[in-house]
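Below is one structure, written out as structure tokens; comments come after it.
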Amino acid sequence: MKVKQIYKQSIGVIVLGFSISGCGSDNDRVSISPPVTGDSCPTIVDEKLFADASTLEKLVQVGPDLAQLRSTGSEAHQQLVNWIELEAKKIPGMQVQSDSYEIQRWQPMIAAENGKGRSLFRSGQLSVDGNDIAIAGAVPYSLGTSLAGHTGQLVYLANDQAITAEHKGKIIVRQIPTSQDSIYANVVAPPYAFLFQFAKYLTASMNELKTQRYDRPFLAAKLMNKDLVDAGKVGAAGLILGFDVPQDQVKDYFDPHEGLHYRLPAVFVGSDEFAEIKALAENKSQARIVVQAERDAATTRNVIATLPGLSNEKIVFVVNTDGNSWIQENGVGGVMALAQYFAKLPLNCRPKTYEFAFNTGHLHMSKEGTFRYMEKLNEEYEEDKVSFVFAVEHLGTQEIIAKPREDGGFGRTLTFSGKAEPQAWFVPEDHQLMQTVAIEAAKRRNLPTLLVTTGQDVPHPERSPKQCDFGGIGNASHQTLIPTMATISGPWSLWAPSFGKEAIDFSLMRSQLLAIGDSVLALQKHTKAEIEGPYAAWRSAREQGNLVCSHVINSGVEDAPEAVN
């Protein structure tokens, strides 16, 4: 759930004991009936024809086997995109094309320890008063330096302290906000009760969370980005961002992913190192930051695979292809499995065309490939060539929670809870058809930790629709006002690759994909008007100049603002 809008501080007054009324529960499950066969077409996915968990694991493993870091336009990313193209071409009847474009690529320079790709961890250095301090890695898109690095006096700023001109030439130390932060707790760890109030369906395990907070580090990305921009504008010598968990658990962390080239070097540190640096800053110690990174022009591309049906009206699946963990772009393997399944259906069982958009630029959102793709898709929608979009991200994820340390040290430590990570399935508000289809599919496949919800942003009563945030790349179509469903999760392992493939339950991933397939089979029999539902009125509102969803993604601006003189 990649949040694009910072929650208003007013959500802190929400009563944490909030209970869901009108939501479904596990008690009224939809039974799995055998797919209709013979002369008829299937109404749900035939499990015997769908990839098993082992096959899904092999599909997902392709990326991590190439390199841990598959940043946008990197050699490892290009190799993965080439594999996607070749794999799609193996599918009978599939038509494959590419859309290439140029970006200002950012890459760490030092090779990973295993020789595969490059390493954020190995490309940064930090020392204070001549003593080396371990880092978790260079911050993505931070300014590359010489080996001499940038030097300056350490200054610690609490999260309620602004970065100002007086910090020019300083190396700023900042803690990444957590659920314990008095200022930003509701931004980086919103109460589940706030998120649940928009739910149309919750599994029983989700109801158990209603008095807790959704505490995940990706929600701090906007704040980190702001600090990086602000520190660059005032001419700070560098920025140190401190996690409250151990360094080895956030090694090679990759975020923010705005694709904005910052104007100063920056590094991440773990909890012990942060505590040490914070103390040194009180003594006005001198520090040195080195980031070995390069920037150059590079070409990246979307791969669009189209499986023709009886009509040219398209059902579209979208995923991103760049990543740095087993989680980030594992939708690629899932959607490839869906493509293979739908290609097995006879033509008479494909009333609509299926399009599978494997898009680049999610780790470079200033030129995000899915938003680029959506510009053309919107033109096709107006020509009645598009039915709906399903965005697929971060499947099969296992919950990782931060717990108090037992050794008395600063901060917390991360551990698997033994449960599935909460998964959101976004559906449009006021769209009864899509909501019903999603809920029935979730129950049928017994998805364990799920909310079917209309958004994760504060509703705007004067806007059409009132909620615009579907958490990730599903925003590209929903905010363009193309009918959309999207599923996504946001675990610690999303940007922290140290958890490896243990962060994925491939059997759960398979169940999620079966539910997605079921929902597509259910919706494809409906007319365009039925699927469009409330989007027709929302698009009309846009034409009349009324307030509708909008976005600033894919702005094309790849440079952070210049320093203030």
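Convention: chains lettered A, B, ... in structure tokens order; per-chain residue numbering from 1; ligands numbered from 1 as shown.
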Restrict the calculation to only C-alpha atoms, then for each residue of range 51-71 of chain A with any atom at most 12 Å from an atom of range 337-342 of chain A give the closest atom pair and their distance in Å to one decimal, rows by chain and rising residue number, as CSV.
```
residue,atom,partner,partner_atom,distance
A:Ala51,CA,A:Ala337,CA,6.2
A:Asp52,CA,A:Ala337,CA,9.4
A:Ala53,CA,A:Ala337,CA,10.7
A:Ser54,CA,A:Ala337,CA,11.8
A:Thr55,CA,A:Ala337,CA,8.7
A:Leu56,CA,A:Ala337,CA,7.4
A:Glu57,CA,A:Ala337,CA,10.9
A:Lys58,CA,A:Ala337,CA,11.0
A:Leu59,CA,A:Ala337,CA,8.3
A:Val60,CA,A:Ala337,CA,10.4
```
Any chance you can output those residues with N, CA and C atoms as a PDB file, in the first residue's frame?
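The result, stored in selection.pdb:
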```pdb
ATOM      1  N   ALA A  51      -0.671 -22.453 -12.617  1.00  0.00           N
ATOM      2  CA  ALA A  51       0.661 -22.716 -12.065  1.00  0.00           C
ATOM      3  C   ALA A  51       0.577 -23.081 -10.585  1.00  0.00           C
ATOM      4  N   ASP A  52       1.367 -24.080 -10.160  1.00  0.00           N
ATOM      5  CA  ASP A  52       1.402 -24.440  -8.750  1.00  0.00           C
ATOM      6  C   ASP A  52       2.383 -23.534  -8.014  1.00  0.00           C
ATOM      7  N   ALA A  53       2.462 -23.692  -6.698  1.00  0.00           N
ATOM      8  CA  ALA A  53       3.290 -22.806  -5.876  1.00  0.00           C
ATOM      9  C   ALA A  53       4.764 -22.898  -6.271  1.00  0.00           C
ATOM     10  N   SER A  54       5.227 -24.084  -6.594  1.00  0.00           N
ATOM     11  CA  SER A  54       6.627 -24.261  -6.985  1.00  0.00           C
ATOM     12  C   SER A  54       6.948 -23.521  -8.280  1.00  0.00           C
ATOM     13  N   THR A  55       6.019 -23.566  -9.225  1.00  0.00           N
ATOM     14  CA  THR A  55       6.216 -22.858 -10.488  1.00  0.00           C
ATOM     15  C   THR A  55       6.221 -21.347 -10.264  1.00  0.00           C
ATOM     16  N   LEU A  56       5.340 -20.870  -9.402  1.00  0.00           N
ATOM     17  CA  LEU A  56       5.325 -19.439  -9.088  1.00  0.00           C
ATOM     18  C   LEU A  56       6.643 -19.008  -8.463  1.00  0.00           C
ATOM     19  N   GLU A  57       7.180 -19.832  -7.576  1.00  0.00           N
ATOM     20  CA  GLU A  57       8.461 -19.505  -6.957  1.00  0.00           C
ATOM     21  C   GLU A  57       9.558 -19.356  -8.008  1.00  0.00           C
ATOM     22  N   LYS A  58       9.568 -20.253  -8.976  1.00  0.00           N
ATOM     23  CA  LYS A  58      10.584 -20.178 -10.037  1.00  0.00           C
ATOM     24  C   LYS A  58      10.401 -18.927 -10.898  1.00  0.00           C
ATOM     25  N   LEU A  59       9.162 -18.545 -11.149  1.00  0.00           N
ATOM     26  CA  LEU A  59       8.911 -17.333 -11.938  1.00  0.00           C
ATOM     27  C   LEU A  59       9.382 -16.084 -11.184  1.00  0.00           C
ATOM     28  N   VAL A  60       9.135 -16.042  -9.890  1.00  0.00           N
ATOM     29  CA  VAL A  60       9.536 -14.882  -9.096  1.00  0.00           C
ATOM     30  C   VAL A  60      11.048 -14.835  -8.913  1.00  0.00           C
TER      31      VAL A  60
END
```
| request: Write out as a list in words which residues come within 8 Å of Ile553 in chain A when counting only C-alpha atoms, dropping same-chain ones fewer than 3 positions away. | output: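 Counting only the stated atoms, we get Met365, Ser366, Lys367, Glu368 and Phe371 of chain A.
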| request: Write out as number ranges by chain all residues of range 430-529 of chain A that DSSP puts in helix (DSSP H, G or I) for this structure's backbone. | output: A: 432-444, 474-478, 492-494, 497-503, 506-523, 528-529
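If you measure from each of A:Cys549, A:Val155, A:Val332, A:Ile327 to Lys501 in chain A using only C-alpha atoms, the closest one turns out to be A:Ile327.
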Out of range 125-222 of chain A, which residues get strand (DSSP E or B) from DSSP, as an mmCIF file with C-alpha atoms, in the first residue's frame?
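Wrote it out as selection_0.cif, contents follow:
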```cif
data_model
loop_
_atom_site.group_PDB
_atom_site.id
_atom_site.type_symbol
_atom_site.label_atom_id
_atom_site.label_comp_id
_atom_site.auth_asym_id
_atom_site.auth_seq_id
_atom_site.Cartn_x
_atom_site.Cartn_y
_atom_site.Cartn_z
ATOM 1 C CA GLN A 125 30.715 5.224 3.631
ATOM 2 C CA LEU A 126 30.403 7.190 6.845
ATOM 3 C CA SER A 127 33.018 8.232 9.377
ATOM 4 C CA VAL A 128 32.902 10.506 12.416
ATOM 5 C CA ASN A 131 36.306 6.510 12.869
ATOM 6 C CA ASP A 132 34.277 4.434 10.406
ATOM 7 C CA GLY A 137 23.453 1.708 2.510
ATOM 8 C CA ALA A 138 23.513 4.782 0.345
ATOM 9 C CA HIS A 150 31.560 15.605 1.827
ATOM 10 C CA THR A 151 32.570 16.720 5.305
ATOM 11 C CA GLY A 152 30.803 18.820 7.875
ATOM 12 C CA GLN A 153 29.757 19.209 11.478
ATOM 13 C CA LEU A 154 27.112 16.786 12.666
ATOM 14 C CA VAL A 155 23.835 18.340 13.729
ATOM 15 C CA TYR A 156 20.913 16.306 15.045
ATOM 16 C CA ILE A 171 25.716 16.938 7.972
ATOM 17 C CA ILE A 172 22.185 16.542 9.295
ATOM 18 C CA VAL A 173 21.152 13.565 11.423
ATOM 19 C CA ARG A 174 17.476 12.662 11.357
ATOM 20 C CA GLN A 175 15.539 9.701 12.719
ATOM 21 C CA PRO A 191 -4.573 3.394 13.070
ATOM 22 C CA ALA A 199 -13.700 -1.545 4.166
ATOM 23 C CA LYS A 200 -16.492 -3.429 2.431
ATOM 24 C CA TYR A 201 -15.161 -6.741 3.694
ATOM 25 C CA LEU A 202 -12.673 -7.815 6.371
ATOM 26 C CA ARG A 213 -1.529 0.688 14.050
#
```
| If you measure from CA of Gly130 in chain A to CA of Lys284 in chain A, what distance in Å do you get, rounded to one decimal? | 13.7 Å
| said: Excluding Gly323 in chain A and its own-chain neighbours fewer than 4 positions away, which residues fall within 6 Å of it when counting only C-alpha atoms? Please give them as a PyMOL selection string. | reply: chain A and resi 70-71+328-329
| request: Find the spatial neighbours of Pro404 in chain A, counting only C-alpha atoms, within a cut-off of 8 Å - ignore same-chain residues fewer than 4 positions away - and output them as a PyMOL selection string. | output: chain A and resi 411-413
May I have the residues from that selection written out with N, CA and C atoms, as a PDB file, in the first residue's frame?
```
ATOM      1  N   GLY A 411      15.873   1.228  20.186  1.00  0.00           N
ATOM      2  CA  GLY A 411      15.025   0.842  19.070  1.00  0.00           C
ATOM      3  C   GLY A 411      14.362  -0.513  19.213  1.00  0.00           C
ATOM      4  N   ARG A 412      14.025  -1.073  18.074  1.00  0.00           N
ATOM      5  CA  ARG A 412      13.269  -2.321  18.015  1.00  0.00           C
ATOM      6  C   ARG A 412      14.007  -3.320  17.125  1.00  0.00           C
ATOM      7  N   THR A 413      13.461  -4.516  17.024  1.00  0.00           N
ATOM      8  CA  THR A 413      13.998  -5.522  16.122  1.00  0.00           C
ATOM      9  C   THR A 413      12.845  -6.138  15.341  1.00  0.00           C
TER      10      THR A 413
END
```
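The spacing separating CA of Ala343 in chain A from CA of Leu310 in chain A amounts to 13.0 Å.
Using only C-alpha atoms for every distance, the candidate list A:Lys314, A:His394, A:Arg510, A:Lys419 yields A:Lys314 as the residue closest to Ile482 in chain A.
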| remark: Of A:Tyr373, A:Ile84, A:Arg463, A:Ser271, the one nearest to Val96 in chain A when counting only C-alpha atoms is A:Ile84
| message | What's around Leu433 in chain A at 9 Å? Count only C-alpha atoms, leave out sequence neighbours fewer than 3 positions away in its own chain, and write the answer as an NGL selection string. | response | :A and (430 or 436-438 or 523 or 530-531 or 533)
| field | Contacts of Val520 in chain A at 9 Å (only C-alpha atoms; same-chain gap of 5+ positions) as a list in words | value |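 Contacts, in chain order: Ile44, Ile315, Phe390, Val437, Ala515 and Lys525 of chain A.
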